[in-house]
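Enquirer: So here's protein-v4.cif (mmCIF, C-alpha atoms and all ligand atoms).
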data_input
#
loop_
_atom_site.label_atom_id
_atom_site.label_comp_id
_atom_site.auth_asym_id
_atom_site.auth_seq_id
_atom_site.Cartn_x
_atom_site.Cartn_y
_atom_site.Cartn_z
CA MET A 284 11.69 13.37 13.42
CA LYS A 285 13.61 10.12 13.08
CA ASP A 286 10.56 7.82 12.87
CA ASP A 287 10.43 5.99 9.58
CA ILE A 288 6.72 5.30 9.18
CA VAL A 289 7.13 3.37 5.92
CA SER A 290 9.59 0.87 7.41
CA GLU A 291 7.44 0.52 10.53
CA TYR A 292 4.40 -0.17 8.37
CA LEU A 293 6.25 -2.79 6.31
CA LYS A 294 7.53 -4.52 9.46
CA GLU A 295 3.98 -4.64 10.84
CA GLN A 296 2.75 -6.32 7.66
CA LEU A 297 5.41 -9.01 7.94
CA GLU A 298 4.57 -9.60 11.62
CA GLN A 299 0.97 -10.29 10.63
CA LEU A 300 2.15 -13.14 8.41
CA LYS A 301 4.56 -14.64 10.94
CA ASP A 302 2.42 -17.67 11.75
CA ASN A 303 1.40 -18.50 8.22
CA SER A 304 3.16 -21.77 7.35
CA GLU A 305 1.16 -22.77 4.26
CA GLY A 306 2.82 -24.11 1.12
CA ALA A 307 6.04 -25.98 0.45
CA VAL A 308 9.47 -25.05 -0.92
CA ALA A 309 10.10 -25.97 -4.57
CA ASP A 310 11.62 -29.43 -4.67
CA TYR A 311 12.22 -30.07 -8.36
CA ILE A 312 15.46 -28.11 -8.13
CA PRO A 313 17.48 -29.97 -5.43
CA GLU A 314 19.28 -26.84 -4.20
CA LEU A 315 15.96 -25.06 -3.59
CA ALA A 316 14.57 -28.10 -1.73
CA HIS A 317 17.22 -27.46 0.95
CA ALA A 318 16.29 -23.79 1.35
CA ASP A 319 15.35 -22.49 4.78
CA PRO A 320 11.53 -22.07 4.51
CA GLU A 321 11.30 -19.34 7.17
CA PRO A 322 12.64 -16.07 5.71
CA LEU A 323 10.15 -13.32 4.94
CA SER A 324 11.07 -9.91 3.58
CA VAL A 325 9.76 -7.01 1.53
CA ALA A 326 11.32 -3.99 -0.20
CA PHE A 327 10.01 -0.86 -1.87
CA CYS A 328 11.95 1.40 -4.19
CA THR A 329 10.32 4.67 -5.21
CA VAL A 330 11.06 6.12 -8.65
CA ASP A 331 13.03 8.86 -6.94
CA GLY A 332 15.35 6.30 -5.39
CA GLN A 333 14.16 5.78 -1.80
CA VAL A 334 14.56 2.15 -0.79
CA TYR A 335 12.69 0.72 2.22
CA ALA A 336 13.53 -2.90 3.03
CA GLN A 337 12.34 -4.98 5.97
CA GLY A 338 12.73 -8.60 7.09
CA LEU A 339 10.74 -10.56 9.65
CA ARG A 340 13.81 -11.97 11.41
CA GLU A 341 17.31 -10.66 11.76
CA GLY A 342 19.17 -11.31 8.51
CA ASP A 343 16.07 -11.99 6.37
CA VAL A 344 16.38 -8.71 4.55
CA ASP A 345 19.99 -9.31 3.46
CA LEU A 346 19.45 -12.87 2.34
CA GLU A 347 20.46 -13.65 -1.24
CA PHE A 348 18.38 -16.10 -3.26
CA SER A 349 18.31 -17.14 -6.92
CA ILE A 350 16.26 -14.89 -9.17
CA GLN A 351 14.70 -17.81 -11.12
CA SER A 352 11.73 -16.73 -13.25
CA MET A 353 11.88 -13.15 -12.01
CA SER A 354 14.81 -12.98 -14.47
CA LYS A 355 12.44 -13.37 -17.42
CA PRO A 356 11.17 -9.78 -17.72
CA PHE A 357 14.71 -8.41 -17.45
CA ALA A 358 16.16 -10.84 -20.02
CA TYR A 359 13.26 -9.83 -22.29
CA ALA A 360 14.22 -6.17 -21.73
CA LEU A 361 17.82 -6.92 -22.74
CA ALA A 362 16.76 -8.79 -25.90
CA LEU A 363 14.48 -5.86 -26.83
CA GLU A 364 17.30 -3.40 -26.19
CA GLU A 365 19.68 -5.36 -28.41
CA HIS A 366 17.16 -6.00 -31.19
CA THR A 367 13.92 -4.30 -32.15
CA LEU A 368 10.49 -5.29 -30.84
CA ASP A 369 9.62 -6.50 -34.36
CA HIS A 370 12.65 -8.77 -34.46
CA VAL A 371 12.01 -10.24 -31.01
CA ALA A 372 8.33 -10.70 -31.88
CA GLN A 373 9.31 -13.06 -34.70
CA PHE A 374 10.55 -15.51 -32.07
CA VAL A 375 8.30 -14.93 -29.08
CA GLY A 376 4.75 -13.58 -28.86
CA MET A 377 3.05 -11.49 -26.20
CA GLU A 378 -0.21 -13.28 -25.52
CA PRO A 379 -1.03 -14.87 -22.16
CA SER A 380 -0.85 -18.65 -22.48
CA GLY A 381 -3.12 -19.37 -19.51
CA GLU A 382 -0.97 -22.46 -18.93
CA ALA A 383 1.65 -23.46 -16.40
CA PHE A 384 5.17 -22.05 -16.63
CA ASN A 385 6.70 -25.24 -18.00
CA GLU A 386 4.14 -25.95 -20.74
CA LEU A 387 5.34 -25.71 -24.31
CA SER A 388 2.51 -23.24 -25.24
CA LEU A 389 3.43 -22.48 -28.86
CA ASP A 390 1.36 -20.47 -31.29
CA GLY A 391 -0.34 -23.06 -33.53
CA GLU A 392 0.71 -21.41 -36.79
CA THR A 393 4.03 -19.64 -36.21
CA LYS A 394 5.34 -22.08 -33.58
CA ARG A 395 6.56 -19.14 -31.52
CA PRO A 396 6.24 -19.52 -27.73
CA MET A 397 3.19 -17.55 -26.60
CA ASN A 398 5.10 -15.08 -24.43
CA PRO A 399 8.51 -14.47 -22.78
CA MET A 400 7.27 -15.22 -19.24
CA ILE A 401 6.81 -18.98 -19.71
CA ASN A 402 9.88 -21.20 -19.87
CA ALA A 403 9.66 -21.89 -23.63
CA GLY A 404 9.54 -18.13 -24.29
CA ALA A 405 12.31 -17.38 -21.81
CA ILE A 406 14.64 -20.02 -23.31
CA THR A 407 14.01 -18.45 -26.74
CA VAL A 408 14.59 -14.90 -25.46
CA ASN A 409 17.81 -15.97 -23.76
CA GLN A 410 19.07 -17.26 -27.10
CA LEU A 411 18.51 -13.89 -28.79
CA ILE A 412 20.86 -12.13 -26.38
CA ASN A 413 24.32 -11.33 -27.76
CA GLY A 414 23.40 -12.77 -31.16
CA GLU A 415 23.05 -16.26 -32.57
CA GLU A 416 26.79 -16.84 -32.77
CA SER A 417 27.45 -16.05 -29.10
CA SER A 418 29.07 -18.58 -26.80
CA VAL A 419 27.08 -19.50 -23.68
CA GLU A 420 29.76 -17.81 -21.59
CA ASP A 421 29.58 -14.45 -23.40
CA ARG A 422 25.80 -14.50 -23.43
CA VAL A 423 25.60 -15.15 -19.70
CA GLU A 424 28.20 -12.43 -19.08
CA LYS A 425 26.02 -9.95 -20.97
CA ILE A 426 22.98 -10.92 -18.91
CA LEU A 427 24.87 -10.76 -15.63
CA SER A 428 26.22 -7.30 -16.35
CA PHE A 429 22.77 -6.01 -17.46
CA PHE A 430 21.18 -7.40 -14.29
CA SER A 431 23.99 -5.84 -12.22
CA GLU A 432 23.19 -2.44 -13.73
CA LEU A 433 19.53 -2.93 -12.87
CA ALA A 434 20.37 -3.86 -9.29
CA GLY A 435 22.94 -1.09 -8.99
CA ARG A 436 25.62 -3.49 -7.73
CA GLU A 437 27.76 -6.39 -8.95
CA LEU A 438 25.68 -9.60 -8.91
CA HIS A 439 26.95 -13.18 -9.21
CA ILE A 440 25.73 -16.62 -10.27
CA ASP A 441 25.36 -19.39 -7.68
CA GLN A 442 27.05 -22.39 -9.26
CA PRO A 443 25.51 -25.05 -6.94
CA THR A 444 21.98 -23.81 -7.77
CA CYS A 445 22.79 -23.83 -11.45
CA ASP A 446 24.44 -27.29 -11.40
CA SER A 447 21.62 -28.81 -9.39
CA GLU A 448 18.96 -27.47 -11.76
CA LEU A 449 20.89 -28.77 -14.76
CA GLN A 450 20.76 -32.27 -13.22
CA THR A 451 16.98 -32.18 -13.21
CA SER A 452 16.28 -30.23 -16.39
CA ASP A 453 14.53 -32.91 -18.44
CA ARG A 454 11.47 -30.75 -18.88
CA ASN A 455 13.38 -27.63 -19.99
CA LEU A 456 15.61 -29.77 -22.23
CA SER A 457 12.57 -31.21 -23.94
CA LEU A 458 11.19 -27.68 -24.48
CA ALA A 459 14.54 -26.66 -25.98
CA HIS A 460 14.56 -29.67 -28.32
CA MET A 461 11.10 -28.76 -29.55
CA LEU A 462 12.06 -25.09 -30.00
CA ARG A 463 15.13 -26.12 -31.97
CA SER A 464 13.11 -28.45 -34.14
CA TYR A 465 10.89 -25.45 -35.07
CA GLY A 466 13.93 -23.26 -35.79
CA MET A 467 13.20 -20.90 -32.87
CA ILE A 468 16.63 -21.47 -31.29
CA GLN A 469 19.98 -22.37 -32.84
CA ASP A 470 22.11 -23.68 -29.95
CA THR A 471 21.99 -27.32 -28.92
CA ALA A 472 19.24 -27.97 -26.37
CA HIS A 473 21.89 -28.52 -23.71
CA ASP A 474 23.62 -25.18 -24.33
CA ALA A 475 20.31 -23.32 -24.51
CA VAL A 476 19.16 -24.72 -21.17
CA ASP A 477 22.60 -24.22 -19.62
CA SER A 478 22.50 -20.55 -20.60
CA TYR A 479 18.90 -20.11 -19.36
CA VAL A 480 19.55 -21.89 -16.06
CA GLN A 481 22.60 -19.70 -15.40
CA GLN A 482 20.33 -16.69 -15.93
CA CYS A 483 17.92 -18.16 -13.33
CA SER A 484 20.77 -18.70 -10.84
CA ILE A 485 21.79 -15.05 -10.51
CA MET A 486 21.65 -14.18 -6.81
CA VAL A 487 19.67 -11.19 -5.56
CA THR A 488 18.21 -9.69 -2.38
CA VAL A 489 14.73 -8.13 -2.05
CA SER A 490 16.32 -4.68 -2.22
CA ASP A 491 18.04 -5.59 -5.51
CA LEU A 492 14.74 -6.78 -6.93
CA SER A 493 12.87 -3.68 -5.80
CA LYS A 494 15.43 -1.51 -7.63
CA MET A 495 15.29 -3.68 -10.74
CA ALA A 496 11.50 -3.42 -10.76
CA ALA A 497 11.63 0.31 -10.00
CA THR A 498 13.88 0.84 -13.04
CA LEU A 499 11.08 -0.54 -15.21
CA ALA A 500 8.49 1.52 -13.30
CA ASN A 501 10.68 4.57 -13.89
CA GLY A 502 10.71 4.10 -17.67
CA GLY A 503 14.17 2.51 -17.85
CA THR A 504 16.21 4.99 -15.79
CA HIS A 505 17.68 3.54 -12.60
CA PRO A 506 16.12 5.42 -9.68
CA VAL A 507 19.24 5.25 -7.52
CA THR A 508 22.21 5.40 -9.93
CA GLY A 509 20.39 7.68 -12.37
CA LYS A 510 21.71 5.61 -15.28
CA ARG A 511 19.48 4.85 -18.27
CA VAL A 512 19.44 1.05 -18.40
CA CYS A 513 16.81 0.55 -21.07
CA SER A 514 14.57 2.73 -23.19
CA ASN A 515 11.16 3.96 -22.13
CA GLU A 516 9.55 1.87 -24.91
CA VAL A 517 11.28 -1.28 -23.68
CA ALA A 518 10.20 -0.65 -20.06
CA LEU A 519 6.62 -0.14 -21.26
CA GLN A 520 6.65 -3.31 -23.37
CA VAL A 521 8.08 -5.46 -20.58
CA GLN A 522 5.57 -4.24 -18.00
CA SER A 523 2.69 -4.75 -20.43
CA VAL A 524 3.63 -8.39 -20.91
CA MET A 525 4.16 -8.81 -17.15
CA ALA A 526 0.64 -7.50 -16.62
CA SER A 527 -1.00 -10.04 -18.90
CA ALA A 528 1.27 -13.06 -18.55
CA GLY A 529 3.59 -12.59 -15.57
CA MET A 530 1.64 -14.80 -13.18
CA TYR A 531 1.14 -17.70 -15.63
CA ASN A 532 -2.20 -19.45 -15.22
CA GLY A 533 -3.03 -17.19 -12.25
CA ALA A 534 -2.44 -13.97 -14.25
CA GLY A 535 -6.11 -12.96 -14.51
CA ARG A 536 -6.83 -13.52 -10.82
CA TRP A 537 -3.64 -11.66 -9.87
CA MET A 538 -4.53 -8.67 -12.03
CA ALA A 539 -8.01 -8.49 -10.52
CA SER A 540 -6.92 -8.93 -6.91
CA VAL A 541 -3.56 -7.13 -6.79
CA GLY A 542 -3.59 -5.16 -10.03
CA LEU A 543 0.11 -4.72 -10.77
CA PRO A 544 2.40 -6.01 -13.51
CA ALA A 545 4.27 -8.77 -11.68
CA LYS A 546 6.48 -11.81 -11.95
CA SER A 547 7.13 -14.63 -9.53
CA GLY A 548 10.00 -17.09 -9.20
CA VAL A 549 10.15 -20.59 -7.67
CA SER A 550 12.79 -19.49 -5.17
CA GLY A 551 9.90 -17.65 -3.44
CA GLY A 552 10.10 -14.07 -4.70
CA ILE A 553 7.51 -11.89 -6.38
CA ILE A 554 8.27 -8.56 -8.03
CA GLY A 555 5.72 -5.94 -8.99
CA THR A 556 5.85 -2.54 -10.66
CA LEU A 557 3.59 0.43 -10.20
CA PRO A 558 4.41 2.44 -13.34
CA GLY A 559 5.68 5.91 -12.56
CA ARG A 560 5.66 5.24 -8.82
CA LEU A 561 7.25 2.12 -7.33
CA GLY A 562 9.12 -1.15 -7.67
CA ILE A 563 8.16 -3.74 -5.06
CA ALA A 564 9.61 -7.13 -4.13
CA ALA A 565 8.62 -9.67 -1.50
CA PHE A 566 10.25 -12.97 -0.62
CA SER A 567 9.39 -16.13 1.29
CA PRO A 568 10.28 -19.61 -0.03
CA LYS A 569 7.10 -21.67 0.52
CA LEU A 570 4.99 -21.89 -2.64
CA ASN A 571 1.33 -22.57 -3.41
CA GLU A 572 0.17 -25.08 -6.03
CA ASN A 573 0.71 -22.51 -8.84
CA GLY A 574 4.35 -22.07 -7.87
CA ASN A 575 3.87 -18.62 -6.31
CA SER A 576 5.16 -17.78 -2.84
CA VAL A 577 2.26 -17.94 -0.36
CA ARG A 578 3.52 -15.24 1.99
CA ALA A 579 5.01 -12.95 -0.69
CA LYS A 580 1.63 -13.00 -2.41
CA LYS A 581 -0.07 -12.13 0.86
CA VAL A 582 2.34 -9.23 1.36
CA PHE A 583 1.30 -7.85 -2.05
CA GLN A 584 -2.39 -8.32 -1.23
CA ARG A 585 -2.01 -6.47 2.05
CA LEU A 586 -0.09 -3.59 0.49
CA ASN A 587 -2.67 -3.38 -2.26
CA LYS A 588 -5.50 -3.18 0.27
CA HIS A 589 -3.90 -0.55 2.48
CA MET A 590 -2.10 1.57 -0.05
CA GLY A 591 -4.44 1.55 -3.04
CA LEU A 592 -1.77 0.24 -5.41
CA HIS A 593 -4.19 -1.31 -7.90
CA LEU A 594 -3.52 0.10 -11.38
CA MET A 595 -7.22 0.17 -12.21
CA ALA A 596 -8.25 1.91 -8.99
CA THR A 597 -10.04 5.10 -9.91
CA GLU A 598 -8.96 7.49 -7.24
CA LYS A 599 -9.84 11.14 -7.40
CA ARG A 600 -6.66 12.80 -8.55
CA GLY A 601 -4.99 15.86 -7.11
CA ARG A 602 -6.37 19.36 -6.82
CA VAL A 603 -8.14 21.30 -9.51
CA ALA A 604 -5.75 22.63 -12.10
CA VAL A 605 -7.31 26.11 -12.37
CA ARG A 606 -6.61 27.80 -9.05
CA SER A 607 -8.52 30.98 -9.92
CA ILE A 608 -9.63 33.29 -12.71
CA THR A 609 -9.75 36.91 -11.55
CA THR A 610 -9.59 40.38 -13.08
CA VAL A 611 -7.29 43.22 -12.09
CA GLU A 612 -7.31 46.84 -13.11
CA ASP A 613 -4.43 47.75 -15.39
CA GLU A 614 -4.49 51.07 -17.11
CA LYS A 615 -2.17 49.95 -19.89
CA ALA A 616 -4.34 46.96 -20.73
CA ASP A 617 -7.17 46.73 -23.22
CA LYS A 618 -10.23 48.41 -21.60
CA GLY A 619 -8.08 48.87 -18.47
CA ILE A 620 -8.70 45.29 -17.34
CA THR A 621 -6.52 42.17 -17.33
CA THR A 622 -7.80 38.65 -16.61
CA VAL A 623 -5.37 36.55 -14.55
CA ILE A 624 -5.67 32.75 -14.90
CA ARG A 625 -3.74 30.99 -12.17
CA LEU A 626 -2.92 27.30 -12.66
CA GLN A 627 -1.62 24.86 -10.05
CA GLY A 628 -0.40 21.31 -9.33
CA ASP A 629 0.65 18.75 -11.93
CA ILE A 630 -0.64 19.25 -15.44
CA ASP A 631 -1.34 16.12 -17.45
CA PHE A 632 -3.90 15.47 -20.19
CA ASN A 633 -6.89 15.59 -17.84
CA ALA A 634 -5.74 18.78 -16.15
CA ALA A 635 -4.94 20.51 -19.45
CA GLU A 636 -8.31 19.51 -20.88
CA LYS A 637 -10.05 21.04 -17.83
CA ILE A 638 -8.01 24.24 -18.14
CA TRP A 639 -8.89 24.58 -21.80
CA ARG A 640 -12.56 24.04 -21.00
CA ALA A 641 -12.45 26.71 -18.27
CA ILE A 642 -10.81 29.18 -20.69
CA ARG A 643 -13.29 28.46 -23.47
CA GLU A 644 -16.26 28.92 -21.19
CA HIS A 645 -14.95 32.10 -19.56
CA GLU A 646 -16.46 35.46 -20.57
CA PHE A 647 -13.35 37.63 -20.93
CA GLU A 648 -13.92 41.33 -20.16
CA SER A 649 -10.99 42.45 -22.31
CA ASN A 650 -8.30 41.08 -24.61
CA SER A 651 -5.60 41.26 -21.97
CA VAL A 652 -4.80 37.92 -20.25
CA ILE A 653 -2.08 36.67 -17.92
CA LEU A 654 -1.56 32.92 -17.68
CA ASP A 655 0.24 32.36 -14.38
CA LEU A 656 2.14 29.06 -14.08
CA ASP A 657 4.09 29.89 -10.93
CA LYS A 658 2.08 27.48 -8.78
CA VAL A 659 2.37 24.63 -11.27
CA ASP A 660 4.61 21.78 -10.05
CA GLU A 661 5.11 19.80 -13.23
CA ILE A 662 3.74 19.62 -16.76
CA ASN A 663 4.01 16.30 -18.59
CA SER A 664 4.57 16.14 -22.34
CA VAL A 665 0.93 15.98 -23.44
CA GLY A 666 -0.03 18.64 -20.85
CA GLY A 667 2.75 20.87 -22.23
CA ARG A 668 1.71 20.35 -25.84
CA MET A 669 -1.87 21.28 -24.99
CA ILE A 670 -0.95 24.40 -23.01
CA ARG A 671 1.35 25.62 -25.80
CA GLU A 672 -1.43 24.92 -28.28
CA PHE A 673 -4.03 26.98 -26.46
CA ARG A 674 -1.51 29.73 -25.73
CA ASP A 675 -0.88 29.97 -29.51
CA ARG A 676 -4.59 29.85 -30.30
CA MET A 677 -5.40 32.62 -27.83
CA ILE A 678 -2.70 34.79 -29.39
CA ALA A 679 -3.95 33.95 -32.89
CA ALA A 680 -7.46 34.94 -31.77
CA GLY A 681 -6.10 38.41 -30.95
CA MET A 682 -5.58 38.07 -27.19
CA ASP A 683 -2.75 40.01 -25.59
CA LEU A 684 -1.43 37.01 -23.64
CA THR A 685 1.45 37.02 -21.17
CA VAL A 686 2.67 33.72 -19.70
CA VAL A 687 4.22 34.02 -16.24
CA ASP A 688 6.50 31.02 -15.73
CA SER A 689 9.32 31.93 -13.34
CA ASP A 690 10.54 28.30 -12.97
CA GLY A 691 10.30 27.48 -16.67
CA VAL A 692 7.92 24.53 -16.16
CA LEU A 693 6.48 24.97 -19.65
CA ALA A 694 9.26 23.70 -21.87
CA GLN A 695 9.22 25.27 -25.32
N1 LIG B 701 14.54 -22.13 -13.35
C1 LIG B 701 13.17 -22.46 -13.15
C2 LIG B 701 12.67 -23.32 -14.29
O1 LIG B 701 12.92 -23.04 -15.41
C3 LIG B 701 12.36 -21.19 -13.02
C4 LIG B 701 10.89 -21.43 -12.83
C5 LIG B 701 10.19 -20.33 -12.03
O2 LIG B 701 10.82 -19.62 -11.28
O3 LIG B 701 8.95 -20.19 -12.17
O4 LIG B 701 12.05 -24.33 -14.09
#
Could the structure of this file be written out as structure tokens, please?
Expert:
Amino acid sequence: MKDDIVSEYLKEQLEQLKDNSEGAVADYIPELAHADPEPLSVAFCTVDGQVYAQGLREGDVDLEFSIQSMSKPFAYALALEEHTLDHVAQFVGMEPSGEAFNELSLDGETKRPMNPMINAGAITVNQLINGEESSVEDRVEKILSFFSELAGRELHIDQPTCDSELQTSDRNLSLAHMLRSYGMIQDTAHDAVDSYVQQCSIMVTVSDLSKMAATLANGGTHPVTGKRVCSNEVALQVQSVMASAGMYNGAGRWMASVGLPAKSGVSGGIIGTLPGRLGIAAFSPKLNENGNSVRAKKVFQRLNKHMGLHLMATEKRGRVAVRSITTVEDEKADKGITTVIRLQGDIDFNAAEKIWRAIREHEFESNSVILDLDKVDEINSVGGRMIREFRDRMIAAGMDLTVVDSDGVLAQ
């Protein structure tokens, strides 16, 4: 079968949005004001490295655009990698500000920006990268090479986009002056904004963004290159902040209606992560009044509706973990009877808890027990800890327990 049902589905979703012409391209950055408003594209990257990318028109899918504010979660990840969470938290908080992206939004007491997803927080985070003493050039180089690892290819900065934003950066310059006056940044306001704007001018495609997002969703390991780009803790921290603050003053509505950690950028992109499953990116340049792409947002809403991507959706999970509990005659066993407990599927906390309950409630006919794991696909760390614990307890209680685990799914 050659049919690629995922790509066909994605294409269909884009077709449905073909005639939607709502919104307007961002015009406060001159280079973005000239952008073609028509492109529409979407990409998915699974945590095992399958990338599906589709564009509405020929060429849409390969189009490069500036990453803008979608750079913020990744710059935050780099700062966290270089320093500790405690150190970074001295300069930038993790509370939603509920205000627009370019508001100052400082904590009343500490004067830290509320979170790394608003401009004030992102300018501060940018300054932490490569240390206080770093030149703008070295800092930007660090960011570019980290982003390239996340995308799995060499990225570049678009100088015209960067220059044109610097011409109209009064707002960001004033934020930087304020941050410097509170001792949150050390560089001159001009250098701090220059460095931040270069970060925003890194060029990406939807496929790049889907892989960058999927790296976070995959706990920091790149799903395609297999390289560990950041730690699991950093990936978790970044996605947590994206969930509460990624969509600025629309963050609450976004979480309720789409339900994924996400981040948008004024170039027209939105990225989202489904932890442990997917990285998603959609792109179309026309924005709504909150600065989010109208059609990219609609793509996310459609996917959410059809594919059940909402993090809070309570779907019934998998099959039951205890496949069967039976007895077999075995002359060498205690009382000539052995109980065979067959487990199956993926074993996480919920599954292990159910297994333990089934074992506790079972009336064993003899002391001889076989725990058969051959139909188990995977055991996560808490599932493994629990199974080892009840294996040890059964043995301590005097059971003659044999674990059958031909594939070694139960790590020691
Ligand atoms: N470079 C833009 C700014 O700082 C990014 C804003 C955005 O994408 O939301 O104004």
Enquirer: Closest to ligand LIG 701 (chain B) among A:Ser447, A:Asn303, A:Thr367, A:Asn398, using all atoms listed in the file?
Expert: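 Counting all atoms listed in the file, the residue closest to ligand LIG 701 (chain B) is A:Ser447.
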Enquirer: Choose the residue, out of A:Arg674, A:Lys355, A:Arg640, A:Lys618, that has the smallest atom-to-atom separation from ligand LIG 701 (chain B); count all atoms listed in the file.
Expert: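 Closest to ligand LIG 701 (chain B), using all atoms listed in the file: A:Lys355.
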Enquirer: For ligand LIG 701 (chain B), collect every residue having any atom at a distance of at most 9 Å from a ligand atom (counting only C-alpha atoms and all ligand atoms); output as JSON, numbers by chain.
Expert: {"A": [311, 312, 349, 350, 351, 352, 353, 354, 355, 384, 385, 400, 401, 402, 403, 405, 406, 445, 448, 452, 454, 455, 476, 479, 480, 481, 482, 483, 484, 531, 546, 547, 548, 549, 550, 551, 552, 574, 575]}
Enquirer: Which protein, DNA or RNA residues have an atom at most 12 Å from (8.6, -6.7, -23.9), counting all atoms listed in the file? List them as number ranges by chain.
Expert: A: 355-364, 366-372, 375-378, 398-400, 404-405, 408, 499, 513-529
Enquirer: Can you tell me which residues surround Ser324 (chain A) at a distance of at most 7 Å, considering only C-alpha atoms, apart from same-chain residues fewer than 5 positions away, and format the answer as a VMD selection string?
Expert: chain A and resid 337 to 339 343 to 344 489 565 to 567
Enquirer: I'd like to know which of A:Val659, A:Ala545, A:Ala497, A:Ile670 is closest to Thr329 (chain A), using all atoms listed in the file.
Expert: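 Using all atoms listed in the file, Thr329 (chain A) sits closest to A:Ala497.
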Enquirer: CA of Glu424 (chain A) to CA of His473 (chain A): how many Å, to one decimal?
Expert: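 About the pair CA of Glu424 (chain A) and CA of His473 (chain A): they are 17.9 Å apart.
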Enquirer: So how many Å separate CA of Gly332 (chain A) and CA of Ala596 (chain A), to one decimal?
Expert: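 Between CA of Gly332 (chain A) and CA of Ala596 (chain A) the gap works out to 24.3 Å.
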Enquirer: Taking 3 positions as the minimum chain separation for residues in the same chain, which residues sit within 10 Å of Ala634 (chain A) when counting all atoms listed in the file? Answer as a VMD selection string.
Expert: chain A and resid 600 to 605 626 to 631 637 to 640 662 666 669
Enquirer: Start from the incomplete input, build N, CA and C atoms for region 286-302 of chain A, and deliver everything as a PDB file, in the frame of the given file.
Expert:
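Result file is result_4.pdb:
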ATOM      1  N   ASP A 286      11.441   8.971  13.124  1.00  0.00           N
ATOM      2  CA  ASP A 286      10.560   7.820  12.870  1.00  0.00           C
ATOM      3  C   ASP A 286      10.389   7.576  11.382  1.00  0.00           C
ATOM      4  N   ASP A 287      10.613   6.322  10.984  1.00  0.00           N
ATOM      5  CA  ASP A 287      10.430   5.990   9.580  1.00  0.00           C
ATOM      6  C   ASP A 287       9.117   5.220   9.460  1.00  0.00           C
ATOM      7  N   ILE A 288       8.038   5.941   9.141  1.00  0.00           N
ATOM      8  CA  ILE A 288       6.720   5.300   9.180  1.00  0.00           C
ATOM      9  C   ILE A 288       6.563   4.229   8.112  1.00  0.00           C
ATOM     10  N   VAL A 289       7.268   4.379   6.985  1.00  0.00           N
ATOM     11  CA  VAL A 289       7.130   3.370   5.920  1.00  0.00           C
ATOM     12  C   VAL A 289       7.727   2.043   6.387  1.00  0.00           C
ATOM     13  N   SER A 290       8.941   2.102   6.944  1.00  0.00           N
ATOM     14  CA  SER A 290       9.590   0.870   7.410  1.00  0.00           C
ATOM     15  C   SER A 290       8.783   0.233   8.531  1.00  0.00           C
ATOM     16  N   GLU A 291       8.252   1.064   9.426  1.00  0.00           N
ATOM     17  CA  GLU A 291       7.440   0.520  10.530  1.00  0.00           C
ATOM     18  C   GLU A 291       6.202  -0.188   9.983  1.00  0.00           C
ATOM     19  N   TYR A 292       5.594   0.426   8.978  1.00  0.00           N
ATOM     20  CA  TYR A 292       4.400  -0.170   8.370  1.00  0.00           C
ATOM     21  C   TYR A 292       4.752  -1.511   7.733  1.00  0.00           C
ATOM     22  N   LEU A 293       5.860  -1.550   6.994  1.00  0.00           N
ATOM     23  CA  LEU A 293       6.250  -2.790   6.310  1.00  0.00           C
ATOM     24  C   LEU A 293       6.522  -3.897   7.332  1.00  0.00           C
ATOM     25  N   LYS A 294       7.203  -3.544   8.402  1.00  0.00           N
ATOM     26  CA  LYS A 294       7.530  -4.520   9.460  1.00  0.00           C
ATOM     27  C   LYS A 294       6.232  -5.097  10.050  1.00  0.00           C
ATOM     28  N   GLU A 295       5.272  -4.209  10.291  1.00  0.00           N
ATOM     29  CA  GLU A 295       3.980  -4.640  10.840  1.00  0.00           C
ATOM     30  C   GLU A 295       3.291  -5.660   9.927  1.00  0.00           C
ATOM     31  N   GLN A 296       3.387  -5.414   8.617  1.00  0.00           N
ATOM     32  CA  GLN A 296       2.750  -6.320   7.660  1.00  0.00           C
ATOM     33  C   GLN A 296       3.392  -7.700   7.717  1.00  0.00           C
ATOM     34  N   LEU A 297       4.708  -7.726   7.871  1.00  0.00           N
ATOM     35  CA  LEU A 297       5.410  -9.010   7.940  1.00  0.00           C
ATOM     36  C   LEU A 297       5.030  -9.743   9.230  1.00  0.00           C
ATOM     37  N   GLU A 298       4.952  -9.004  10.326  1.00  0.00           N
ATOM     38  CA  GLU A 298       4.570  -9.600  11.620  1.00  0.00           C
ATOM     39  C   GLU A 298       3.227 -10.316  11.522  1.00  0.00           C
ATOM     40  N   GLN A 299       2.309  -9.705  10.770  1.00  0.00           N
ATOM     41  CA  GLN A 299       0.970 -10.290  10.630  1.00  0.00           C
ATOM     42  C   GLN A 299       1.011 -11.644   9.934  1.00  0.00           C
ATOM     43  N   LEU A 300       2.080 -11.897   9.178  1.00  0.00           N
ATOM     44  CA  LEU A 300       2.150 -13.140   8.410  1.00  0.00           C
ATOM     45  C   LEU A 300       3.098 -14.161   9.049  1.00  0.00           C
ATOM     46  N   LYS A 301       3.551 -13.823  10.250  1.00  0.00           N
ATOM     47  CA  LYS A 301       4.560 -14.640  10.940  1.00  0.00           C
ATOM     48  C   LYS A 301       4.122 -16.090  11.081  1.00  0.00           C
ATOM     49  N   ASP A 302       2.869 -16.300  11.442  1.00  0.00           N
ATOM     50  CA  ASP A 302       2.420 -17.670  11.750  1.00  0.00           C
ATOM     51  C   ASP A 302       1.875 -18.420  10.549  1.00  0.00           C
TER      52      ASP A 302
END
